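S.K.: This is the content of input38.csv (CSV, C-alpha atoms):
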chain,number,residue,atom,x,y,z
U,1,MET,CA,0.0,0.0,0.0
U,2,THR,CA,1.0,3.6,-0.5
U,3,THR,CA,-0.3,6.8,0.9
U,4,SER,CA,-0.2,9.9,-1.2
U,5,ARG,CA,-1.0,13.6,-0.9
U,6,ARG,CA,-4.5,14.3,0.3
U,7,THR,CA,-7.1,15.6,-2.1
U,8,VAL,CA,-10.2,16.9,-0.4
U,9,ILE,CA,-13.5,17.7,-2.0
U,10,THR,CA,-16.9,18.5,-0.7
U,11,ALA,CA,-19.9,16.3,-1.3
U,12,ALA,CA,-21.3,18.8,-3.8
U,13,ALA,CA,-18.0,18.9,-5.7
U,14,ALA,CA,-18.2,15.1,-5.9
U,15,GLY,CA,-21.4,15.4,-7.9
U,16,LEU,CA,-23.4,13.6,-5.3
U,17,ALA,CA,-26.5,15.7,-5.8
U,18,ALA,CA,-27.4,13.5,-8.7
U,19,SER,CA,-27.4,10.5,-6.4
U,20,ALA,CA,-29.9,12.1,-4.1
U,21,ALA,CA,-32.7,11.4,-6.5
U,22,THR,CA,-32.1,7.6,-6.1
U,23,THR,CA,-31.8,7.7,-2.3
U,24,GLY,CA,-34.7,10.0,-1.6
U,25,THR,CA,-32.5,12.5,0.2
U,26,ALA,CA,-31.3,16.0,-0.8
U,27,TYR,CA,-27.7,17.2,-0.5
U,28,ALA,CA,-27.0,20.6,0.9
U,29,LYS,CA,-25.8,23.3,-1.4
U,30,GLY,CA,-22.7,25.3,-1.3
U,31,GLY,CA,-18.9,24.7,-1.1
U,32,GLY,CA,-18.5,23.4,-4.6
U,33,GLY,CA,-15.0,22.8,-6.0
U,34,ALA,CA,-11.8,21.4,-4.5
U,35,VAL,CA,-10.6,22.3,-1.1
U,36,SER,CA,-6.8,22.8,-0.7
U,37,GLU,CA,-4.8,20.7,1.6
U,38,GLU,CA,-4.2,23.7,3.8
U,39,SER,CA,-7.9,24.3,4.2
U,40,ALA,CA,-8.8,20.6,4.7
U,41,GLY,CA,-9.4,21.2,8.4
U,42,ARG,CA,-11.8,24.0,7.7
U,43,GLY,CA,-13.5,21.7,5.2
U,44,ALA,CA,-14.1,19.2,7.9
U,45,ASP,CA,-15.5,21.8,10.2
U,46,SER,CA,-18.0,22.8,7.5
U,47,ALA,CA,-19.5,19.3,7.3
U,48,GLY,CA,-22.2,20.1,9.8
U,49,ARG,CA,-23.4,22.8,7.3
U,50,GLY,CA,-24.2,20.1,4.8
U,51,GLY,CA,-20.9,19.2,3.2
U,52,ALA,CA,-19.1,15.9,3.6
U,53,VAL,CA,-15.4,16.2,3.3
U,54,LYS,CA,-13.7,13.4,1.2
U,55,GLU,CA,-9.9,12.9,1.2
U,56,HIS,CA,-7.6,10.3,-0.1
U,57,PHE,CA,-6.4,8.0,2.8
U,58,GLY,CA,-4.3,5.5,1.0
U,59,THR,CA,-4.0,2.9,-1.7
U,60,LEU,CA,-4.3,-0.9,-1.4
U,61,GLU,CA,-1.7,-3.2,-3.0
U,62,ASP,CA,-4.1,-3.9,-5.9
U,63,GLY,CA,-4.2,-0.2,-6.7
U,64,THR,CA,-7.7,0.4,-5.2
U,65,ALA,CA,-7.9,3.9,-3.6
U,66,VAL,CA,-9.3,4.3,-0.1
U,67,ASP,CA,-11.0,7.5,1.0
U,68,ARG,CA,-11.7,9.0,4.3
U,69,TRP,CA,-15.0,10.9,4.7
U,70,THR,CA,-15.8,13.4,7.5
U,71,ILE,CA,-19.2,14.6,8.5
U,72,GLU,CA,-20.2,16.8,11.5
U,73,ASN,CA,-23.5,17.8,13.2
U,74,GLY,CA,-24.0,19.6,16.5
U,75,ARG,CA,-20.7,18.9,18.4
U,76,THR,CA,-20.3,15.4,17.0
U,77,ARG,CA,-17.8,14.7,14.3
U,78,LEU,CA,-17.4,11.3,12.5
U,79,ARG,CA,-14.6,10.1,10.2
U,80,VAL,CA,-15.2,7.0,8.1
U,81,LEU,CA,-13.0,5.0,5.7
U,82,SER,CA,-14.3,3.5,2.5
U,83,TYR,CA,-12.2,0.5,3.4
U,84,GLY,CA,-14.3,-1.7,5.7
U,85,GLY,CA,-16.7,1.1,6.4
U,86,ILE,CA,-14.4,1.8,9.3
U,87,VAL,CA,-15.3,4.4,12.0
U,88,GLN,CA,-11.8,5.9,12.3
U,89,ALA,CA,-12.8,8.6,14.7
U,90,LEU,CA,-15.9,9.7,16.6
U,91,GLU,CA,-15.4,13.0,18.4
U,92,ILE,CA,-17.8,14.2,21.1
U,93,PRO,CA,-17.5,16.9,23.8
U,94,ASP,CA,-16.9,16.4,27.5
U,95,ARG,CA,-18.7,18.3,30.2
U,96,HIS,CA,-16.6,21.4,29.5
U,97,GLY,CA,-17.3,21.3,25.8
U,98,ARG,CA,-13.8,19.9,24.9
U,99,ARG,CA,-14.1,17.5,22.0
U,100,ALA,CA,-12.1,14.2,21.9
U,101,ASN,CA,-12.1,11.1,19.8
U,102,VAL,CA,-13.6,8.3,21.8
U,103,SER,CA,-13.0,5.4,19.2
U,104,LEU,CA,-9.8,3.4,18.8
U,105,GLY,CA,-8.1,3.3,15.5
U,106,PHE,CA,-5.1,4.0,13.3
U,107,ASP,CA,-3.6,7.0,11.5
U,108,ASP,CA,-2.7,4.9,8.4
U,109,LEU,CA,-4.2,2.4,6.0
U,110,ASP,CA,-1.3,-0.1,6.3
U,111,SER,CA,-2.1,-0.7,10.0
U,112,TYR,CA,-5.8,-1.4,9.3
U,113,VAL,CA,-4.9,-3.9,6.6
U,114,ALA,CA,-2.0,-5.6,8.4
U,115,ASP,CA,-3.4,-6.5,11.8
U,116,SER,CA,-6.4,-4.6,13.0
U,117,PRO,CA,-8.7,-6.3,15.6
U,118,TYR,CA,-11.7,-5.0,13.7
U,119,PHE,CA,-11.3,-1.4,14.9
U,120,GLY,CA,-14.4,0.5,13.9
U,121,ALA,CA,-15.3,-1.9,11.1
U,122,LEU,CA,-18.6,-3.0,9.5
U,123,ILE,CA,-19.0,-6.7,10.2
U,124,GLY,CA,-20.6,-9.2,7.9
U,125,ARG,CA,-21.9,-11.4,6.5
U,126,TYR,CA,-22.2,-12.8,10.0
U,127,GLY,CA,-21.1,-10.9,13.0
U,128,ASN,CA,-19.6,-13.0,15.8
U,129,ARG,CA,-18.8,-16.7,15.7
U,130,ILE,CA,-20.2,-19.7,13.9
U,131,ALA,CA,-19.2,-23.1,15.4
U,132,ARG,CA,-16.6,-25.0,13.3
U,133,GLY,CA,-17.4,-22.7,10.4
U,134,THR,CA,-20.4,-24.8,9.3
U,135,PHE,CA,-24.1,-24.5,9.1
U,136,THR,CA,-27.0,-26.3,7.3
U,137,LEU,CA,-29.7,-24.3,5.5
U,138,ASP,CA,-32.6,-26.0,3.7
U,139,GLY,CA,-30.8,-29.3,3.9
U,140,LYS,CA,-27.5,-28.1,2.4
U,141,LYS,CA,-24.3,-27.8,4.4
U,142,TYR,CA,-22.1,-24.7,4.0
U,143,GLN,CA,-18.5,-24.4,4.9
U,144,LEU,CA,-17.0,-21.1,6.0
U,145,PRO,CA,-13.4,-20.1,6.6
U,146,ILE,CA,-11.9,-21.1,10.0
U,147,ASN,CA,-10.2,-17.9,11.3
U,148,ASP,CA,-10.8,-18.0,15.1
U,149,GLY,CA,-9.6,-21.2,16.7
U,150,PRO,CA,-11.9,-24.0,15.4
U,151,ASN,CA,-14.6,-21.4,14.4
U,152,SER,CA,-15.5,-18.8,11.8
U,153,LEU,CA,-15.5,-15.2,13.1
U,154,HIS,CA,-17.0,-12.0,11.7
U,155,GLY,CA,-17.7,-13.4,8.2
U,156,GLY,CA,-14.4,-15.2,7.7
U,157,ASP,CA,-10.8,-14.1,6.9
U,158,LYS,CA,-12.0,-11.6,4.3
U,159,GLY,CA,-15.3,-10.4,5.7
U,160,PHE,CA,-17.0,-7.1,5.0
U,161,ASP,CA,-14.4,-5.3,7.1
U,162,LYS,CA,-11.7,-6.0,4.4
U,163,HIS,CA,-13.5,-4.7,1.3
U,164,VAL,CA,-13.8,-1.2,-0.1
U,165,TRP,CA,-17.3,0.1,0.0
U,166,SER,CA,-18.9,2.7,-2.3
U,167,VAL,CA,-19.7,5.8,-0.3
U,168,GLU,CA,-22.1,8.7,-0.9
U,169,ALA,CA,-22.9,11.7,1.3
U,170,PHE,CA,-26.5,12.7,2.0
U,171,ARG,CA,-28.5,15.3,3.9
U,172,LYS,CA,-32.0,14.7,5.1
U,173,GLY,CA,-33.6,17.6,6.8
U,174,ALA,CA,-31.2,18.7,9.6
U,175,ASP,CA,-29.4,15.3,9.6
U,176,VAL,CA,-26.2,14.5,7.6
U,177,GLY,CA,-24.8,11.1,6.8
U,178,LEU,CA,-23.0,8.7,4.6
U,179,THR,CA,-24.5,5.8,2.6
U,180,LEU,CA,-22.2,2.8,2.2
U,181,ARG,CA,-23.0,0.1,-0.4
U,182,ARG,CA,-21.5,-3.2,-1.6
U,183,VAL,CA,-22.7,-6.4,-3.3
U,184,SER,CA,-21.4,-9.6,-1.8
U,185,PRO,CA,-21.4,-12.3,-4.5
U,186,ASP,CA,-22.9,-15.7,-4.2
U,187,GLY,CA,-20.3,-18.0,-2.5
U,188,GLU,CA,-18.2,-15.2,-1.0
U,189,MET,CA,-16.5,-16.7,2.1
U,190,GLY,CA,-18.7,-19.7,1.6
U,191,TYR,CA,-22.1,-17.9,2.2
U,192,PRO,CA,-24.9,-18.6,-0.3
U,193,GLY,CA,-26.7,-15.9,-2.3
U,194,THR,CA,-25.8,-12.6,-3.8
U,195,LEU,CA,-26.3,-10.1,-0.9
U,196,THR,CA,-26.9,-6.5,-1.7
U,197,VAL,CA,-26.1,-4.3,1.3
U,198,ARG,CA,-26.7,-0.7,2.2
U,199,VAL,CA,-25.6,0.9,5.5
U,200,ASP,CA,-26.4,4.5,6.5
U,201,TYR,CA,-24.2,6.3,9.0
U,202,THR,CA,-26.2,9.3,10.2
U,203,LEU,CA,-25.3,12.2,12.6
U,204,THR,CA,-28.6,13.7,13.7
U,205,VAL,CA,-29.1,17.4,14.6
U,206,ALA,CA,-28.8,16.3,18.2
U,207,GLY,CA,-25.4,14.8,17.6
U,208,ASP,CA,-26.6,11.2,17.8
U,209,PHE,CA,-24.7,8.5,15.7
U,210,ARG,CA,-27.3,6.3,14.0
U,211,ILE,CA,-26.5,3.2,12.0
U,212,ASP,CA,-29.2,1.7,9.7
U,213,TYR,CA,-28.5,-1.7,7.9
U,214,GLU,CA,-30.4,-3.1,5.0
U,215,ALA,CA,-29.8,-6.2,2.9
U,216,THR,CA,-31.6,-8.3,0.3
U,217,THR,CA,-30.6,-11.7,-1.3
U,218,ASP,CA,-31.4,-13.7,-4.3
U,219,LYS,CA,-30.9,-17.0,-2.5
U,220,ALA,CA,-31.6,-18.2,1.1
U,221,THR,CA,-28.7,-17.2,3.3
U,222,VAL,CA,-27.8,-16.1,6.9
U,223,VAL,CA,-27.1,-12.4,7.8
U,224,ASN,CA,-26.0,-10.7,11.0
U,225,LEU,CA,-24.6,-7.3,10.4
U,226,THR,CA,-23.0,-5.1,13.1
U,227,ASN,CA,-20.3,-2.5,13.8
U,228,HIS,CA,-17.2,-3.1,15.8
U,229,THR,CA,-16.2,0.3,17.2
U,230,TYR,CA,-14.0,0.2,20.3
U,231,TYR,CA,-14.9,2.9,22.8
U,232,ASN,CA,-13.1,4.8,25.5
U,233,LEU,CA,-15.2,7.7,26.6
U,234,ALA,CA,-12.2,9.3,28.4
U,235,GLY,CA,-10.7,9.6,24.9
U,236,GLU,CA,-8.9,7.2,22.6
U,237,GLY,CA,-5.6,6.3,24.3
U,238,GLY,CA,-6.9,7.4,27.7
U,239,GLY,CA,-6.1,4.2,29.5
U,240,SER,CA,-8.3,1.6,31.2
U,241,VAL,CA,-12.1,1.7,30.8
U,242,TYR,CA,-12.7,-0.3,34.0
U,243,ASP,CA,-13.9,2.8,35.8
U,244,HIS,CA,-16.6,3.5,33.2
U,245,ARG,CA,-20.1,2.8,34.8
U,246,LEU,CA,-22.3,0.5,32.6
U,247,GLU,CA,-25.9,-0.5,32.9
U,248,ILE,CA,-27.5,-3.1,30.5
U,249,ALA,CA,-31.2,-4.0,30.6
U,250,ALA,CA,-30.4,-7.8,30.2
U,251,ALA,CA,-31.4,-10.4,32.8
U,252,ARG,CA,-29.8,-13.2,30.8
U,253,TYR,CA,-26.7,-13.9,28.7
U,254,THR,CA,-25.5,-16.8,26.6
U,255,PRO,CA,-22.7,-18.8,28.3
U,256,VAL,CA,-20.0,-20.2,26.0
U,257,ASP,CA,-17.7,-23.1,25.8
U,258,LYS,CA,-13.9,-22.8,25.8
U,259,THR,CA,-13.9,-21.8,22.1
U,260,LEU,CA,-16.4,-19.0,22.9
U,261,ILE,CA,-19.4,-20.7,21.1
U,262,PRO,CA,-22.7,-20.4,23.0
U,263,THR,CA,-23.8,-23.6,24.7
U,264,GLY,CA,-27.5,-22.8,23.9
U,265,GLU,CA,-28.4,-21.9,27.4
U,266,LEU,CA,-29.9,-18.5,28.3
U,267,ALA,CA,-28.4,-18.1,31.8
U,268,ARG,CA,-29.4,-15.6,34.4
U,269,VAL,CA,-26.9,-12.8,35.1
U,270,ALA,CA,-28.0,-12.6,38.8
U,271,GLY,CA,-25.0,-13.4,41.1
U,272,THR,CA,-22.5,-13.4,38.3
U,273,PRO,CA,-20.0,-10.8,36.9
U,274,PHE,CA,-22.4,-10.4,34.0
U,275,ASP,CA,-25.0,-8.6,36.1
U,276,PHE,CA,-25.2,-5.0,34.9
U,277,ARG,CA,-28.9,-4.5,35.5
U,278,ARG,CA,-27.8,-1.7,37.9
U,279,ALA,CA,-25.0,0.5,36.9
U,280,LYS,CA,-21.6,-0.6,38.1
U,281,GLU,CA,-18.0,-0.1,37.1
U,282,ILE,CA,-17.0,-2.3,34.1
U,283,GLY,CA,-14.0,-3.6,36.0
U,284,ARG,CA,-15.7,-4.3,39.4
U,285,ASP,CA,-16.1,-8.0,38.9
U,286,ILE,CA,-13.9,-8.7,35.9
U,287,ARG,CA,-11.2,-10.4,38.0
U,288,GLU,CA,-13.6,-12.9,39.6
U,289,ALA,CA,-12.7,-16.5,39.2
U,290,HIS,CA,-15.8,-17.3,37.2
U,291,GLN,CA,-15.4,-19.9,34.5
U,292,GLN,CA,-17.1,-17.7,31.8
U,293,VAL,CA,-14.7,-14.9,32.6
U,294,LEU,CA,-11.8,-17.3,32.4
U,295,TYR,CA,-13.0,-18.5,29.0
U,296,GLY,CA,-13.2,-14.9,27.6
U,297,GLN,CA,-10.2,-13.6,29.5
U,298,GLY,CA,-12.6,-11.0,30.6
U,299,ILE,CA,-16.1,-10.4,29.3
U,300,ASP,CA,-16.7,-11.3,25.6
U,301,HIS,CA,-20.3,-12.5,25.7
U,302,ASN,CA,-23.7,-11.9,24.2
U,303,PHE,CA,-26.3,-10.3,26.4
U,304,VAL,CA,-29.9,-11.3,25.8
U,305,LEU,CA,-31.7,-7.9,25.9
U,306,ASP,CA,-35.0,-7.8,27.9
U,307,LYS,CA,-36.7,-5.9,25.2
U,308,GLY,CA,-36.2,-8.6,22.5
U,309,ILE,CA,-36.5,-7.8,18.8
U,310,THR,CA,-38.3,-4.5,18.2
U,311,SER,CA,-39.5,-2.7,15.1
U,312,ARG,CA,-37.9,0.6,16.3
U,313,PRO,CA,-34.7,1.2,18.3
U,314,GLU,CA,-35.3,0.9,22.1
U,315,HIS,CA,-32.9,2.0,24.7
U,316,PHE,CA,-31.2,-0.8,26.6
U,317,LEU,CA,-27.8,0.5,27.7
U,318,THR,CA,-26.1,3.5,29.4
U,319,VAL,CA,-22.4,4.0,30.0
U,320,THR,CA,-20.8,6.9,31.8
U,321,GLU,CA,-17.2,8.0,32.1
U,322,PRO,CA,-16.7,9.8,35.5
U,323,GLU,CA,-13.8,12.2,34.7
U,324,SER,CA,-15.0,13.6,31.4
U,325,GLY,CA,-18.7,13.3,32.3
U,326,ARG,CA,-19.4,11.8,28.8
U,327,VAL,CA,-22.5,9.6,28.7
U,328,MET,CA,-23.4,7.2,25.8
U,329,ARG,CA,-26.9,5.7,25.6
U,330,ILE,CA,-27.6,3.0,23.0
U,331,ALA,CA,-30.9,2.0,21.5
U,332,THR,CA,-31.4,-0.9,19.0
U,333,THR,CA,-33.9,-3.1,17.2
U,334,GLU,CA,-31.6,-6.1,17.8
U,335,PRO,CA,-32.2,-8.8,20.5
U,336,GLY,CA,-28.6,-9.0,21.7
U,337,VAL,CA,-25.4,-7.1,22.3
U,338,GLN,CA,-21.9,-8.6,22.4
U,339,PHE,CA,-20.1,-6.8,25.3
U,340,TYR,CA,-16.3,-7.1,24.9
U,341,THR,CA,-13.9,-5.6,27.3
U,342,GLY,CA,-10.8,-5.3,25.1
U,343,ASN,CA,-9.3,-8.5,26.5
U,344,PHE,CA,-7.0,-9.1,23.5
U,345,LEU,CA,-5.5,-5.7,23.3
U,346,THR,CA,-2.0,-6.8,24.0
U,347,GLY,CA,0.1,-3.6,23.8
U,348,THR,CA,1.1,-4.3,20.1
U,349,PHE,CA,-1.1,-1.5,18.7
U,350,ALA,CA,-0.4,2.2,18.8
U,351,GLY,CA,-3.4,4.3,17.9
U,352,THR,CA,-4.2,7.8,16.5
U,353,SER,CA,-3.1,9.4,19.8
U,354,GLY,CA,0.3,7.7,19.5
U,355,ARG,CA,-0.4,5.8,22.7
U,356,VAL,CA,-0.3,2.0,23.0
U,357,TYR,CA,-3.5,0.0,23.6
U,358,ARG,CA,-3.4,-2.5,26.4
U,359,GLN,CA,-5.9,-5.0,27.8
U,360,GLY,CA,-9.0,-3.2,29.1
U,361,ASP,CA,-8.3,0.1,27.3
U,362,ALA,CA,-11.6,0.0,25.4
U,363,PHE,CA,-14.9,-1.8,25.2
U,364,ALA,CA,-17.1,-2.8,22.2
U,365,LEU,CA,-20.9,-3.1,22.2
U,366,GLU,CA,-21.9,-5.0,19.0
U,367,THR,CA,-25.7,-5.0,18.7
U,368,GLN,CA,-26.6,-8.3,17.0
U,369,HIS,CA,-28.6,-11.5,16.7
U,370,PHE,CA,-27.0,-14.2,18.8
U,371,PRO,CA,-23.7,-15.9,18.0
U,372,ASP,CA,-23.9,-19.3,16.2
U,373,SER,CA,-27.7,-18.8,15.6
U,374,PRO,CA,-27.6,-20.9,12.3
U,375,ASN,CA,-26.7,-23.9,14.5
U,376,GLN,CA,-28.9,-23.0,17.5
U,377,PRO,CA,-32.6,-23.6,16.6
U,378,SER,CA,-33.8,-22.0,19.9
U,379,PHE,CA,-32.1,-18.7,19.1
U,380,PRO,CA,-33.8,-16.0,17.0
U,381,SER,CA,-33.4,-16.8,13.3
U,382,THR,CA,-30.8,-15.1,11.1
U,383,VAL,CA,-32.1,-16.6,7.9
U,384,LEU,CA,-32.9,-14.2,5.0
U,385,ARG,CA,-34.8,-15.3,2.0
U,386,PRO,CA,-35.5,-13.8,-1.5
U,387,GLY,CA,-38.2,-11.3,-1.3
U,388,GLN,CA,-37.4,-10.4,2.3
U,389,THR,CA,-35.4,-7.3,3.4
U,390,TYR,CA,-33.0,-7.5,6.4
U,391,ARG,CA,-33.2,-4.3,8.5
U,392,SER,CA,-31.5,-3.3,11.7
U,393,THR,CA,-30.9,0.0,13.4
U,394,THR,CA,-28.7,1.1,16.3
U,395,VAL,CA,-28.6,4.6,17.7
U,396,HIS,CA,-25.8,6.0,19.9
U,397,SER,CA,-26.8,9.1,21.9
U,398,PHE,CA,-24.3,11.4,23.7
U,399,SER,CA,-24.6,13.7,26.6
U,400,THR,CA,-22.7,14.8,29.7
U,401,ARG,CA,-23.1,14.8,33.5
Could you write out this file's structure as structure tokens?
M.R.:
Amino acid sequence: MTTSRRTVITAAAAGLAASAATTGTAYAKGGGGAVSEESAGRGADSAGRGGAVKEHFGTLEDGTAVDRWTIENGRTRLRVLSYGGIVQALEIPDRHGRRANVSLGFDDLDSYVADSPYFGALIGRYGNRIARGTFTLDGKKYQLPINDGPNSLHGGDKGFDKHVWSVEAFRKGADVGLTLRRVSPDGEMGYPGTLTVRVDYTLTVAGDFRIDYEATTDKATVVNLTNHTYYNLAGEGGGSVYDHRLEIAAARYTPVDKTLIPTGELARVAGTPFDFRRAKEIGRDIREAHQQVLYGQGIDHNFVLDKGITSRPEHFLTVTEPESGRVMRIATTEPGVQFYTGNFLTGTFAGTSGRVYRQGDAFALETQHFPDSPNQPSFPSTVLRPGQTYRSTTVHSFSTR
């Protein structure tokens, strides 16, 4: 890969207004033409007024260009890569109005390609693990790549996180966003059916970060899309997240075997380190000698949300960082969330702050259907058939205390 001089253009200069007719949204006017490298920062700041800033981020070995897009609304700023749909930065203010990036990531494309633990990435076709990389659908057995011990993880060794997506900017009323699209061909990573995927990243006028997923197929398949942003509300590179206070409306979770595949049980969280029904510090019980914590080297488990599957996003989680006062509330249509406490951050990654990431320096909250659902008949189904449309929405809302 190579990284070359940045070229920055506004959404209008990219000719995206023509695409608005096909998406049903209208792009904001103004700011046409190229923006010089010297004014790139000012271009990013203008995103909240309707422009999305696009800049060259790097080039893959096969010559494919990778762009970085920046949008802004209220006091929230979002930077997204066309490679993997990666959230490279999510900047929100603290109680004093000082904005900081709260998502882990890298400054360069090479690091994402070489060895990223899914920092900020779109995950598909199937988020989380499928046991032994196999499942049977309509009497036919499918084999997926094995890339996590004996199992298949996050769609295989070249999942959606390792492809370049097409990106268009949009404005809908006072909200601004990015539409990402790709077509996953029949048989990609062993999955059946040609899957046509659209994901909208939206910053609302209130500064919320909303993700809408949509997919259709021409053949029966399984789908479970999510986003794998790693959060530290003290700011990326800010050290341990164990003092963050977390509350999850989930009375049950799915215990796993030693390879982190669900056993099929929906176990009660009461009396375990997984009980976050009342707010507590993430690290309070994480050192307990509980077999499930030992399996995950911390928490790396699916929580069964009390609300179940809903047609509209419903709030289920609140996390607060005491020093900055930042609060993140999450609502989703999904029945589960994978709560991961950064157990495998080993000090081998240096992020955008220049600081090294170590175990417990971030957490991920991947809204989802349950892991290994294609092999677990009692779990909510992840099967998608021709004529159906997969839809899922998750909203991250920010405030301070």
S.K.: Please provide as a PyMOL selection string all residues within 8 Å of range 349-363 of chain U, with the sequence filter that same-chain residues fewer than 3 positions apart are discarded (counting all atoms listed in the file).
M.R.: chain U and resi 104-107+230-232+236-242+339-346
S.K.: Hey, what's within 6 Å of range 196-204 of chain U if we count all atoms listed in the file and toss same-chain stuff fewer than 3 positions away? As a PDB file with C-alpha atoms, in the coordinates of the input, please?
M.R.:
ATOM      1  CA  ASN U  73     -23.500  17.800  13.200  1.00  0.00           C
ATOM      2  CA  ASP U 175     -29.400  15.300   9.600  1.00  0.00           C
ATOM      3  CA  VAL U 176     -26.200  14.500   7.600  1.00  0.00           C
ATOM      4  CA  GLY U 177     -24.800  11.100   6.800  1.00  0.00           C
ATOM      5  CA  LEU U 178     -23.000   8.700   4.600  1.00  0.00           C
ATOM      6  CA  THR U 179     -24.500   5.800   2.600  1.00  0.00           C
ATOM      7  CA  LEU U 180     -22.200   2.800   2.200  1.00  0.00           C
ATOM      8  CA  ARG U 181     -23.000   0.100  -0.400  1.00  0.00           C
ATOM      9  CA  ARG U 182     -21.500  -3.200  -1.600  1.00  0.00           C
ATOM     10  CA  VAL U 183     -22.700  -6.400  -3.300  1.00  0.00           C
ATOM     11  CA  GLY U 207     -25.400  14.800  17.600  1.00  0.00           C
ATOM     12  CA  ASP U 208     -26.600  11.200  17.800  1.00  0.00           C
ATOM     13  CA  PHE U 209     -24.700   8.500  15.700  1.00  0.00           C
ATOM     14  CA  ARG U 210     -27.300   6.300  14.000  1.00  0.00           C
ATOM     15  CA  ILE U 211     -26.500   3.200  12.000  1.00  0.00           C
ATOM     16  CA  ASP U 212     -29.200   1.700   9.700  1.00  0.00           C
ATOM     17  CA  TYR U 213     -28.500  -1.700   7.900  1.00  0.00           C
ATOM     18  CA  GLU U 214     -30.400  -3.100   5.000  1.00  0.00           C
ATOM     19  CA  ALA U 215     -29.800  -6.200   2.900  1.00  0.00           C
ATOM     20  CA  THR U 216     -31.600  -8.300   0.300  1.00  0.00           C
TER      21      THR U 216
END
S.K.: How many Å lie between CA of Leu109 in chain U and CA of Leu78 in chain U, rounded to one decimal?
M.R.: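 Taking CA of Leu109 in chain U as the start and CA of Leu78 in chain U as the end point, the length is 17.2 Å.
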S.K.: As a PyMOL selection string, please: the residues near His315 in chain U (cut-off 9 Å, all atoms listed in the file, same-chain neighbours under 2 positions excluded).
M.R.: chain U and resi 249+307+313+317-318+329-332+395
S.K.: Select, from U:Gly190, U:Ser378, U:Glu288, U:Ile86, the residue with the minimum atom-to-atom distance to Lys141 in chain U, counting all atoms listed in the file.
M.R.: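 Among the listed residues, the smallest separation from Lys141 in chain U belongs to U:Gly190.
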S.K.: With distances taken over only C-alpha atoms, which residue among U:Ala174, U:Phe57, U:His301, U:Gly336 lies nearest Ala206 in chain U?
M.R.: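 Among the listed residues, the smallest separation from Ala206 in chain U belongs to U:Ala174.
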S.K.: Could the residues of range 372-397 of chain U that have an atom at most 9 Å from range 126-136 of chain U be listed as a tab-separated table, each with its closest atom pair and the distance in Å to one decimal, counting all atoms listed in the file and ordered by chain and ascending residue number?
M.R.:
residue	atom	partner	partner_atom	distance
U:Asp372	CA	U:Ile130	CA	4.4
U:Ser373	CA	U:Ile130	CA	7.7
U:Pro374	CA	U:Phe135	CA	6.0
U:Asn375	CA	U:Phe135	CA	6.0
U:Thr382	CA	U:Tyr126	CA	9.0
S.K.: Given the choices U:Asn151, U:Thr333, U:Gln368, U:Ser166, which gets closest to Arg68 in chain U if the distance is worked out from only C-alpha atoms?
M.R.: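 Nearest candidate to Arg68 in chain U out of U:Asn151, U:Thr333, U:Gln368, U:Ser166: U:Ser166.
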